[in-house]
file protein15.cif (mmCIF, C-alpha atoms and all ligand atoms)
data_my_file
loop_
_atom_site.label_atom_id
_atom_site.label_comp_id
_atom_site.auth_asym_id
_atom_site.auth_seq_id
_atom_site.Cartn_x
_atom_site.Cartn_y
_atom_site.Cartn_z
CA MET A 1 9.17 -16.20 -32.05
CA ASP A 2 8.65 -12.45 -31.74
CA LYS A 3 5.09 -11.77 -30.64
CA LYS A 4 3.69 -8.27 -31.08
CA PRO A 5 2.19 -6.85 -27.88
CA SER A 6 -1.56 -6.51 -28.12
CA ILE A 7 -2.40 -2.86 -27.50
CA GLN A 8 -6.06 -1.97 -26.98
CA GLN A 9 -7.59 1.48 -27.33
CA ASN A 10 -9.97 3.40 -25.06
CA VAL A 11 -9.97 0.93 -22.17
CA SER A 12 -11.79 1.64 -18.89
CA LEU A 13 -9.43 1.45 -15.91
CA LYS A 14 -12.29 0.79 -13.47
CA PRO A 15 -11.35 -2.90 -12.94
CA TYR A 16 -7.70 -1.95 -12.47
CA ASN A 17 -7.95 0.46 -9.52
CA THR A 18 -9.38 -0.44 -6.12
CA PHE A 19 -11.14 2.94 -5.82
CA GLY A 20 -13.19 1.76 -8.82
CA ILE A 21 -12.78 5.08 -10.67
CA ASP A 22 -14.01 4.93 -14.24
CA VAL A 23 -11.37 6.75 -16.28
CA LYS A 24 -10.13 5.68 -19.69
CA ALA A 25 -6.69 4.71 -20.92
CA ALA A 26 -6.15 5.94 -24.49
CA ASN A 27 -3.96 2.85 -25.02
CA PHE A 28 -3.58 -0.19 -22.79
CA VAL A 29 -1.34 -3.23 -22.76
CA SER A 30 -0.92 -6.02 -20.26
CA VAL A 31 2.59 -7.51 -20.13
CA VAL A 32 3.34 -11.01 -18.84
CA SER A 33 7.14 -11.10 -19.07
CA VAL A 34 10.10 -8.80 -18.49
CA GLU A 35 10.96 -9.17 -22.16
CA GLU A 36 7.50 -7.99 -23.19
CA LEU A 37 7.77 -5.11 -20.75
CA LYS A 38 11.08 -4.03 -22.27
CA ASN A 39 9.57 -4.24 -25.75
CA VAL A 40 6.66 -1.95 -24.96
CA LEU A 41 8.90 0.48 -23.07
CA GLN A 42 10.77 0.97 -26.34
CA LEU A 43 7.69 1.94 -28.34
CA LYS A 44 8.45 5.44 -29.61
CA LYS A 45 4.84 5.91 -30.69
CA PHE A 46 3.84 6.42 -27.04
CA PRO A 47 6.14 8.89 -25.32
CA HIS A 48 3.89 8.98 -22.23
CA LYS A 49 3.86 5.63 -20.46
CA PHE A 50 1.94 4.95 -17.28
CA ILE A 51 2.84 1.89 -15.20
CA LEU A 52 -0.05 0.17 -13.48
CA GLY A 53 0.50 -2.43 -10.76
CA GLY A 54 -2.27 -3.59 -8.44
CA GLY A 55 -3.97 -0.17 -8.57
CA SER A 56 -4.50 -0.25 -4.82
CA ASN A 57 -2.69 2.90 -3.86
CA MET A 58 -3.77 5.49 -6.36
CA LEU A 59 -6.52 7.90 -7.15
CA LEU A 60 -7.13 8.51 -10.84
CA THR A 61 -8.66 11.95 -11.39
CA LYS A 62 -8.44 12.06 -15.20
CA ASN A 63 -8.19 9.96 -18.33
CA VAL A 64 -4.71 8.67 -19.09
CA ASP A 65 -3.29 9.65 -22.48
CA GLY A 66 -0.44 7.64 -23.95
CA LEU A 67 0.08 4.00 -23.00
CA VAL A 68 -0.95 2.31 -19.78
CA ILE A 69 1.26 -0.72 -19.11
CA HIS A 70 -0.36 -3.25 -16.82
CA LEU A 71 2.27 -5.38 -15.05
CA ASN A 72 0.97 -8.92 -15.17
CA LEU A 73 4.20 -10.76 -14.38
CA THR A 74 3.45 -13.80 -12.22
CA LYS A 75 5.56 -16.57 -10.69
CA LYS A 76 6.99 -17.34 -7.29
CA GLU A 77 9.95 -19.55 -6.53
CA ILE A 78 12.18 -20.57 -3.67
CA ILE A 79 15.67 -19.52 -4.65
CA GLU A 80 17.59 -20.45 -1.50
CA GLU A 81 16.88 -22.47 1.59
CA THR A 82 18.73 -23.07 4.86
CA ASN A 83 17.59 -24.73 8.10
CA ASP A 84 16.26 -21.41 9.38
CA HIS A 85 15.40 -19.31 6.39
CA VAL A 86 14.15 -19.31 2.88
CA LEU A 87 14.51 -16.76 0.11
CA VAL A 88 11.37 -16.51 -1.99
CA LYS A 89 11.32 -14.54 -5.21
CA ALA A 90 7.92 -13.30 -6.40
CA GLN A 91 7.19 -11.49 -9.65
CA ALA A 92 5.67 -8.01 -9.46
CA GLY A 93 2.19 -8.96 -10.70
CA GLU A 94 1.53 -11.59 -8.01
CA ASN A 95 -1.46 -10.58 -5.88
CA TRP A 96 -0.12 -9.59 -2.45
CA HIS A 97 -2.62 -11.41 -0.24
CA GLU A 98 -2.55 -14.60 -2.33
CA PHE A 99 1.24 -14.54 -2.04
CA VAL A 100 0.99 -14.11 1.75
CA LEU A 101 -1.43 -17.07 2.01
CA TRP A 102 0.82 -19.22 -0.18
CA SER A 103 3.86 -18.44 2.01
CA LEU A 104 1.89 -19.35 5.16
CA GLU A 105 0.76 -22.62 3.54
CA GLN A 106 4.42 -23.49 3.00
CA GLY A 107 4.99 -22.85 6.72
CA PHE A 108 7.12 -19.74 6.11
CA GLY A 109 6.80 -17.01 8.75
CA GLY A 110 7.15 -13.26 8.35
CA LEU A 111 4.23 -12.09 6.25
CA GLU A 112 1.35 -13.03 8.60
CA ASN A 113 0.82 -9.49 9.96
CA LEU A 114 0.63 -8.18 6.40
CA SER A 115 -2.37 -10.35 5.47
CA LEU A 116 -5.25 -8.97 3.39
CA ILE A 117 -3.48 -5.83 2.18
CA PRO A 118 -4.79 -5.05 -1.31
CA GLY A 119 -2.36 -4.67 -4.20
CA ASN A 120 0.46 -6.56 -5.83
CA VAL A 121 3.93 -7.70 -4.80
CA GLY A 122 5.72 -5.21 -7.07
CA THR A 123 4.18 -2.12 -5.54
CA ALA A 124 4.60 -3.24 -1.92
CA PRO A 125 8.19 -1.89 -1.58
CA ILE A 126 7.34 1.50 -3.12
CA GLN A 127 5.39 2.62 -0.08
CA ASN A 128 6.89 0.07 2.32
CA ILE A 129 3.47 -1.34 3.18
CA GLY A 130 2.91 -1.94 6.85
CA ALA A 131 0.32 -3.10 9.35
CA TYR A 132 0.04 -4.31 12.94
CA GLY A 133 3.65 -3.75 13.92
CA VAL A 134 5.34 -5.13 10.78
CA GLU A 135 6.57 -3.35 7.67
CA LEU A 136 7.61 -4.80 4.34
CA LYS A 137 11.23 -3.83 5.08
CA ASP A 138 11.28 -6.41 7.91
CA VAL A 139 10.98 -9.29 5.42
CA PHE A 140 12.52 -7.66 2.35
CA TYR A 141 15.75 -9.14 0.98
CA SER A 142 16.17 -7.51 -2.45
CA CYS A 143 14.28 -6.52 -5.58
CA GLU A 144 14.93 -6.29 -9.29
CA ALA A 145 13.93 -3.20 -11.19
CA ILE A 146 14.22 -1.98 -14.76
CA ASP A 147 15.64 1.45 -15.40
CA ILE A 148 13.00 3.07 -17.62
CA GLN A 149 15.60 5.07 -19.60
CA THR A 150 18.31 2.46 -20.20
CA LEU A 151 16.12 -0.69 -19.87
CA GLU A 152 18.85 -2.26 -17.78
CA THR A 153 17.96 -4.44 -14.82
CA ALA A 154 19.31 -3.37 -11.42
CA THR A 155 19.23 -5.24 -8.12
CA PHE A 156 18.36 -3.21 -5.02
CA THR A 157 19.35 -4.37 -1.55
CA LYS A 158 17.40 -3.33 1.55
CA GLU A 159 19.88 -0.50 2.15
CA ASP A 160 19.54 0.73 -1.45
CA CYS A 161 15.77 1.00 -1.00
CA LYS A 162 16.06 3.56 1.85
CA PHE A 163 12.84 2.42 3.47
CA GLY A 164 10.96 4.74 5.83
CA TYR A 165 7.39 5.02 7.11
CA ARG A 166 5.32 4.54 3.92
CA ASP A 167 8.41 5.66 2.03
CA SER A 168 11.29 4.34 -0.11
CA TYR A 169 13.81 5.32 -2.76
CA PHE A 170 11.22 4.36 -5.40
CA LYS A 171 8.57 6.64 -3.92
CA ARG A 172 10.99 9.59 -3.88
CA ASN A 173 12.25 8.94 -7.39
CA LYS A 174 9.05 8.23 -9.26
CA GLY A 175 9.28 7.35 -12.94
CA GLN A 176 12.86 6.09 -12.77
CA TYR A 177 12.47 2.34 -12.17
CA ILE A 178 9.86 -0.37 -12.55
CA ILE A 179 10.09 -3.10 -9.92
CA THR A 180 9.73 -6.47 -11.67
CA SER A 181 10.30 -8.89 -8.78
CA VAL A 182 10.83 -8.89 -5.03
CA THR A 183 12.80 -11.43 -2.96
CA PHE A 184 11.71 -11.98 0.63
CA LYS A 185 13.64 -13.53 3.49
CA LEU A 186 11.16 -15.64 5.43
CA SER A 187 11.60 -17.84 8.49
CA LYS A 188 11.07 -21.53 8.78
CA ALA A 189 9.63 -22.64 12.13
CA PRO A 190 10.17 -21.74 14.94
CA HIS A 191 9.38 -18.16 14.05
CA THR A 192 9.17 -15.20 16.44
CA LEU A 193 5.69 -13.79 16.14
CA ASN A 194 4.91 -10.10 16.38
CA ILE A 195 1.68 -10.00 18.35
CA SER A 196 2.26 -7.02 20.63
CA TYR A 197 -0.19 -4.86 18.69
CA GLY A 198 -3.19 -4.51 21.02
CA ALA A 199 -5.83 -5.49 18.50
CA ILE A 200 -4.02 -8.76 17.66
CA GLU A 201 -3.71 -9.71 21.33
CA ALA A 202 -7.40 -8.96 21.85
CA GLU A 203 -8.43 -11.01 18.81
CA LEU A 204 -6.32 -14.01 19.86
CA SER A 205 -7.67 -13.97 23.40
CA LYS A 206 -11.23 -13.63 22.08
CA LYS A 207 -10.64 -16.88 20.20
CA GLU A 208 -8.90 -18.36 23.27
CA ILE A 209 -5.72 -19.11 21.34
CA GLU A 210 -2.84 -19.37 23.80
CA ASN A 211 0.01 -20.55 21.63
CA PRO A 212 -0.63 -18.97 18.27
CA GLY A 213 1.09 -19.97 15.06
CA ILE A 214 1.55 -17.94 11.89
CA LYS A 215 -1.88 -18.96 10.55
CA ASP A 216 -3.58 -17.85 13.78
CA VAL A 217 -1.93 -14.44 13.57
CA SER A 218 -2.89 -14.12 9.91
CA ASN A 219 -6.51 -15.05 10.74
CA ALA A 220 -6.55 -12.49 13.56
CA VAL A 221 -5.24 -9.77 11.23
CA ILE A 222 -7.81 -10.73 8.60
CA ALA A 223 -10.60 -10.48 11.19
CA ILE A 224 -9.39 -7.08 12.42
CA ARG A 225 -9.06 -5.69 8.91
CA GLN A 226 -12.48 -7.00 7.90
CA SER A 227 -14.08 -5.35 10.93
CA LYS A 228 -12.60 -1.92 10.21
CA LEU A 229 -11.63 -1.66 6.58
CA PRO A 230 -14.01 -1.88 3.64
CA ASP A 231 -13.47 -4.63 1.06
CA PRO A 232 -12.51 -2.85 -2.19
CA LYS A 233 -14.52 -5.42 -4.15
CA VAL A 234 -17.65 -4.20 -2.35
CA LEU A 235 -16.85 -0.55 -1.66
CA GLY A 236 -14.14 1.21 -3.66
CA ASN A 237 -11.26 2.48 -1.53
CA SER A 238 -7.52 2.72 -1.31
CA GLY A 239 -6.88 1.86 2.34
CA SER A 240 -5.55 4.72 4.41
CA PHE A 241 -5.83 7.83 2.27
CA PHE A 242 -3.45 9.92 4.40
CA LYS A 243 -0.27 9.14 6.31
CA ASN A 244 -0.28 9.53 10.07
CA PRO A 245 1.45 12.87 10.76
CA VAL A 246 4.57 13.00 12.89
CA ILE A 247 4.74 16.12 15.07
CA GLY A 248 7.13 17.63 17.64
CA VAL A 249 6.82 16.62 21.30
CA GLN A 250 5.99 20.19 22.43
CA GLU A 251 3.31 20.56 19.80
CA PHE A 252 1.92 17.21 20.90
CA GLU A 253 1.87 18.14 24.58
CA LYS A 254 -0.20 21.23 23.83
CA LEU A 255 -2.63 19.08 21.87
CA GLN A 256 -2.80 16.53 24.67
CA GLU A 257 -3.71 19.25 27.20
CA LYS A 258 -6.79 20.06 25.18
CA HIS A 259 -7.56 16.44 24.22
CA PRO A 260 -6.31 14.18 27.03
CA THR A 261 -7.49 11.00 25.30
CA ILE A 262 -5.66 11.60 22.00
CA PRO A 263 -4.13 8.30 20.81
CA HIS A 264 -0.44 8.52 19.86
CA TYR A 265 2.77 6.56 19.32
CA ILE A 266 6.15 7.83 20.48
CA VAL A 267 8.53 7.90 17.50
CA SER A 268 11.61 9.28 19.30
CA ASN A 269 12.52 11.68 22.10
CA GLU A 270 11.55 14.54 19.83
CA GLU A 271 8.68 13.17 17.77
CA VAL A 272 5.20 11.72 18.22
CA LYS A 273 2.96 10.11 15.58
CA VAL A 274 -0.72 11.02 15.79
CA PRO A 275 -3.40 8.93 14.04
CA ALA A 276 -4.84 10.93 11.16
CA GLY A 277 -8.04 8.85 11.51
CA TRP A 278 -8.58 10.35 14.97
CA LEU A 279 -7.95 13.92 13.73
CA ILE A 280 -10.40 13.42 10.86
CA GLU A 281 -13.01 11.94 13.18
CA GLN A 282 -12.69 14.92 15.54
CA CYS A 283 -13.37 17.20 12.57
CA GLY A 284 -16.72 15.48 12.10
CA PHE A 285 -16.07 13.67 8.82
CA LYS A 286 -16.36 10.05 9.94
CA GLY A 287 -19.18 8.24 8.12
CA LYS A 288 -20.09 11.36 6.10
CA ARG A 289 -21.16 10.98 2.49
CA PHE A 290 -21.09 13.64 -0.23
CA GLY A 291 -22.72 12.24 -3.36
CA ASP A 292 -20.85 9.01 -4.04
CA ALA A 293 -17.66 10.11 -2.25
CA GLY A 294 -17.43 9.46 1.46
CA VAL A 295 -15.47 8.80 4.63
CA HIS A 296 -15.74 5.23 5.92
CA LYS A 297 -17.97 4.72 8.95
CA ASN A 298 -15.50 2.50 10.84
CA GLN A 299 -12.20 4.16 9.89
CA ALA A 300 -12.06 7.88 9.13
CA LEU A 301 -8.68 7.49 7.40
CA VAL A 302 -10.31 5.57 4.56
CA LEU A 303 -12.10 7.47 1.79
CA VAL A 304 -14.64 5.46 -0.16
CA ASN A 305 -16.41 5.44 -3.52
CA TYR A 306 -20.05 4.42 -3.13
CA GLY A 307 -20.27 3.60 -6.83
CA ASN A 308 -19.94 6.40 -9.30
CA ALA A 309 -17.75 8.99 -7.63
CA THR A 310 -15.19 10.58 -9.92
CA GLY A 311 -11.57 10.81 -8.88
CA GLU A 312 -12.00 14.59 -8.74
CA GLU A 313 -14.88 14.27 -6.25
CA ILE A 314 -12.79 12.05 -3.97
CA TRP A 315 -9.86 14.45 -4.31
CA ASP A 316 -12.08 17.48 -3.48
CA LEU A 317 -13.21 15.69 -0.34
CA ALA A 318 -9.59 14.87 0.56
CA LEU A 319 -8.63 18.55 0.17
CA ARG A 320 -11.54 19.65 2.34
CA ILE A 321 -10.53 17.19 5.05
CA GLN A 322 -6.92 18.31 4.84
CA GLN A 323 -7.93 21.96 5.21
CA LYS A 324 -10.28 21.33 8.14
CA VAL A 325 -7.62 19.31 10.00
CA LYS A 326 -5.16 22.17 9.41
CA GLU A 327 -7.61 24.81 10.69
CA THR A 328 -8.59 22.76 13.73
CA PHE A 329 -5.26 21.28 14.82
CA GLN A 330 -2.62 23.24 12.82
CA ILE A 331 -1.40 19.86 11.52
CA GLU A 332 -0.77 19.12 7.85
CA ILE A 333 -1.86 15.66 6.80
CA GLU A 334 -0.29 14.32 3.64
CA PRO A 335 -1.88 11.82 1.22
CA GLU A 336 -0.50 8.31 1.28
CA VAL A 337 -2.02 7.45 -2.09
CA ASN A 338 -0.63 8.60 -5.41
CA VAL A 339 -2.92 11.08 -7.10
CA TYR A 340 -2.91 11.23 -10.89
N1 LIG A 401 -8.88 6.21 15.20
C1 LIG A 401 -9.95 7.02 15.51
N2 LIG A 401 -10.91 7.20 14.57
C2 LIG A 401 -10.88 6.61 13.35
C3 LIG A 401 -9.79 5.78 13.04
C4 LIG A 401 -8.79 5.60 13.97
O1 LIG A 401 -10.03 7.59 16.59
O2 LIG A 401 -11.82 6.81 12.57
C5 LIG A 401 -7.87 5.94 16.23
C6 LIG A 401 -8.01 4.49 16.74
O3 LIG A 401 -8.92 4.42 17.80
C7 LIG A 401 -6.62 4.16 17.19
C8 LIG A 401 -5.74 4.98 16.26
O4 LIG A 401 -6.57 5.97 15.67
O5 LIG A 401 -6.39 4.59 18.51
C9 LIG A 401 -5.06 4.13 15.19
O6 LIG A 401 -6.03 3.47 14.39
P1 LIG A 401 -5.71 2.08 13.63
O7 LIG A 401 -5.17 1.09 14.57
O8 LIG A 401 -6.92 1.74 12.85
O9 LIG A 401 -4.51 2.43 12.68
P2 LIG A 401 -4.18 3.68 11.73
O10 LIG A 401 -3.04 4.43 12.32
O11 LIG A 401 -5.41 4.46 11.40
C10 LIG A 401 -2.35 2.40 10.36
C11 LIG A 401 -2.03 2.16 8.92
C12 LIG A 401 -2.91 1.07 8.33
C13 LIG A 401 -2.71 -0.20 9.13
C14 LIG A 401 -3.03 0.09 10.60
C15 LIG A 401 -2.73 -1.08 11.51
C16 LIG A 401 -1.19 4.29 8.09
C17 LIG A 401 -1.44 5.48 7.24
N3 LIG A 401 -2.17 3.39 8.16
O12 LIG A 401 -3.68 2.93 10.41
O13 LIG A 401 -2.50 0.83 7.00
O14 LIG A 401 -3.53 -1.25 8.66
O15 LIG A 401 -2.23 1.19 11.08
O16 LIG A 401 -1.36 -1.26 11.63
O17 LIG A 401 -0.11 4.19 8.67
C18 LIG A 401 -2.90 1.51 4.75
O18 LIG A 401 -1.76 2.01 4.76
O19 LIG A 401 -3.61 1.56 3.73
C19 LIG A 401 -3.40 0.89 5.95
C20 LIG A 401 -4.64 0.41 6.03
#
call {"tool": "encode", "arguments": {"input": "protein15.cif", "output": "structure tokens"}}
result
Amino acid sequence: MDKKPSIQQNVSLKPYNTFGIDVKAANFVSVVSVEELKNVLQLKKFPHKFILGGGSNMLLTKNVDGLVIHLNLTKKEIIEETNDHVLVKAQAGENWHEFVLWSLEQGFGGLENLSLIPGNVGTAPIQNIGAYGVELKDVFYSCEAIDIQTLETATFTKEDCKFGYRDSYFKRNKGQYIITSVTFKLSKAPHTLNISYGAIEAELSKKEIENPGIKDVSNAVIAIRQSKLPDPKVLGNSGSFFKNPVIGVQEFEKLQEKHPTIPHYIVSNEEVKVPAGWLIEQCGFKGKRFGDAGVHKNQALVLVNYGNATGEEIWDLALRIQQKVKETFQIEIEPEVNVY
């Protein structure tokens, strides 16, 4: 039976973006299958199509003309299992954190450090989400994506995805593919935990857990995130707004002379990563509020919407921060979120 997709007009996108920005979609459709997605992609009536996943990594600064396609594909299945590993395939519209919790319930290791990250499975590879010493690429096996022009389905291996720090093939080639499912390679016990990140160690010792399992690590990550990062359901935000800049060693050494306590991570012999949150805090923005747009009080890298900020107001604040960091430290910080 051929069902016509139900397209609605003039729909507020506020519930569909974690910043909680109230812009309108001229036309809106939610698709629940790949077939439905292909059908709406062929609609000639709407030349401009806007793909919406979990809405957790974007700032909407204006109404969206054309057709917003909300990816609501859900299902997860084990497609292969050995004594050590399991391949789990999850559809793009699965909520990321619920998927992580489900995998931990099954006893599968690998996703515990990535607990409580907002967003959906399908958008996770685009920016190679990462936290507490683990990145998506560490558990990624492959993904399926539809070519928007030809509507053909392609399979991408880890190598094809060209993952980098908050970066991938999909991020560099926007508008070419829509990821419809992701397959993860997860471990069955015993699983090597990644708990070297200082905050995780501290949280585990606070709870006096000596031999942690995957659930303990997940709980520690959840506790750390809850203490620093605002819950988008309570206070609109998009996680880290900027990427941490990577600078040359010489540039860093000069900075360190002036600011001996500057936190940093060595990337290579030539490069050092500096936390943008620290730079922003030094510029005096932490906890500041301008109307309903603000900088979070516990994490200066997170911009927040206190209720009715427009996307433009948040973006103006981001530009001001960017400029001040440039003037003060001669370092360019680049947004991590997609700005529309
Ligand atoms: N810092 C400050 N002031 C601040 C915030 C941070 O001085 O207001 C300092 C901290 O004291 C610490 C350093 O900056 O020494 C790093 O801070 P944190 O551990 O909070 O991590 P981050 O570099 O700010 C990155 C990711 C987060 C991820 C955490 C933990 C990016 C852009 N962000 O933040 O990812 O959760 O590490 O691994 O790489 C996200 O991408 O949305 C996100 C939340």
call {"tool": "closest_atom_pairs", "arguments": {"input": "protein15.cif", "of": "chain A", "to": "ligand LIG 401 (chain A)", "cutoff": "7 Å", "atoms": "all atoms listed in the file", "output": "tab-separated table"}}
result
residue	atom	partner	partner_atom	distance
A:Ile129	CA	A:LIG401	O18	6.4
A:Gly130	CA	A:LIG401	O13	6.1
A:Ala131	CA	A:LIG401	O16	3.4
A:Tyr132	CA	A:LIG401	O16	3.6
A:Gly133	CA	A:LIG401	O16	6.0
A:Ser238	CA	A:LIG401	O19	6.5
A:Gly239	CA	A:LIG401	O19	3.6
A:Ser240	CA	A:LIG401	O19	3.8
A:Phe241	CA	A:LIG401	O19	6.8
A:Phe242	CA	A:LIG401	C17	5.6
A:Lys243	CA	A:LIG401	C17	4.0
A:Asn244	CA	A:LIG401	C17	5.1
A:Pro263	CA	A:LIG401	O5	4.9
A:Pro275	CA	A:LIG401	O4	4.6
A:Ala276	CA	A:LIG401	O11	6.5
A:Gly277	CA	A:LIG401	C3	3.9
A:Trp278	CA	A:LIG401	O1	3.5
A:Ile280	CA	A:LIG401	O2	7.0
A:Glu281	CA	A:LIG401	O2	5.3
A:Lys286	CA	A:LIG401	O2	6.2
A:Asn298	CA	A:LIG401	O2	5.9
A:Gln299	CA	A:LIG401	O2	3.8
A:Ala300	CA	A:LIG401	O2	3.6
A:Leu301	CA	A:LIG401	O11	6.0
A:Glu336	CA	A:LIG401	C17	6.7
call {"tool": "residues_around", "arguments": {"input": "protein15.cif", "residues": "A:Glu201", "least_positions_apart": "6", "cutoff": "12 Å", "atoms": "all atoms listed in the file", "output": "count of residues only"}}
result
15
call {"tool": "atom_distance", "arguments": {"input": "protein15.cif", "atom1": "atom CA of A:Asp147", "atom2": "atom CA of A:Ser33"}}
result
15.6 Å
call {"tool": "atom_distance", "arguments": {"input": "protein15.cif", "atom1": "atom CA of A:Lys273", "atom2": "atom CA of A:Cys161"}}
result
22.8 Å
call {"tool": "atom_distance", "arguments": {"input": "protein15.cif", "atom1": "atom CA of A:Lys76", "atom2": "atom CA of A:Glu94"}}
result
8.0 Å
call {"tool": "residues_around", "arguments": {"input": "protein15.cif", "residues": "A:Glu271", "least_positions_apart": "3", "cutoff": "7 Å", "atoms": "all atoms listed in the file", "output": "number ranges by chain"}}
result
A: 246-249, 266-268
call {"tool": "closest_residue", "arguments": {"input": "protein15.cif", "among": "A:Ile7, A:Ile51, A:Ala293, A:Val134", "to": "A:Gly236", "atoms": "only C-alpha atoms"}}
result
A:Ala293
call {"tool": "closest_residue", "arguments": {"input": "protein15.cif", "among": "A:Gly213, A:Gly164, A:Pro245, A:Pro47", "to": "A:Asn113", "atoms": "all atoms listed in the file"}}
result
A:Gly213
call {"tool": "closest_residue", "arguments": {"input": "protein15.cif", "among": "A:Leu255, A:Ala202, A:Val139, A:Val274", "to": "A:Val86", "atoms": "only C-alpha atoms"}}
result
A:Val139
call {"tool": "closest_residue", "arguments": {"input": "protein15.cif", "among": "A:Lys288, A:Lys89, A:Lys162, A:Lys171", "to": "A:Glu144", "atoms": "all atoms listed in the file"}}
result
A:Lys89
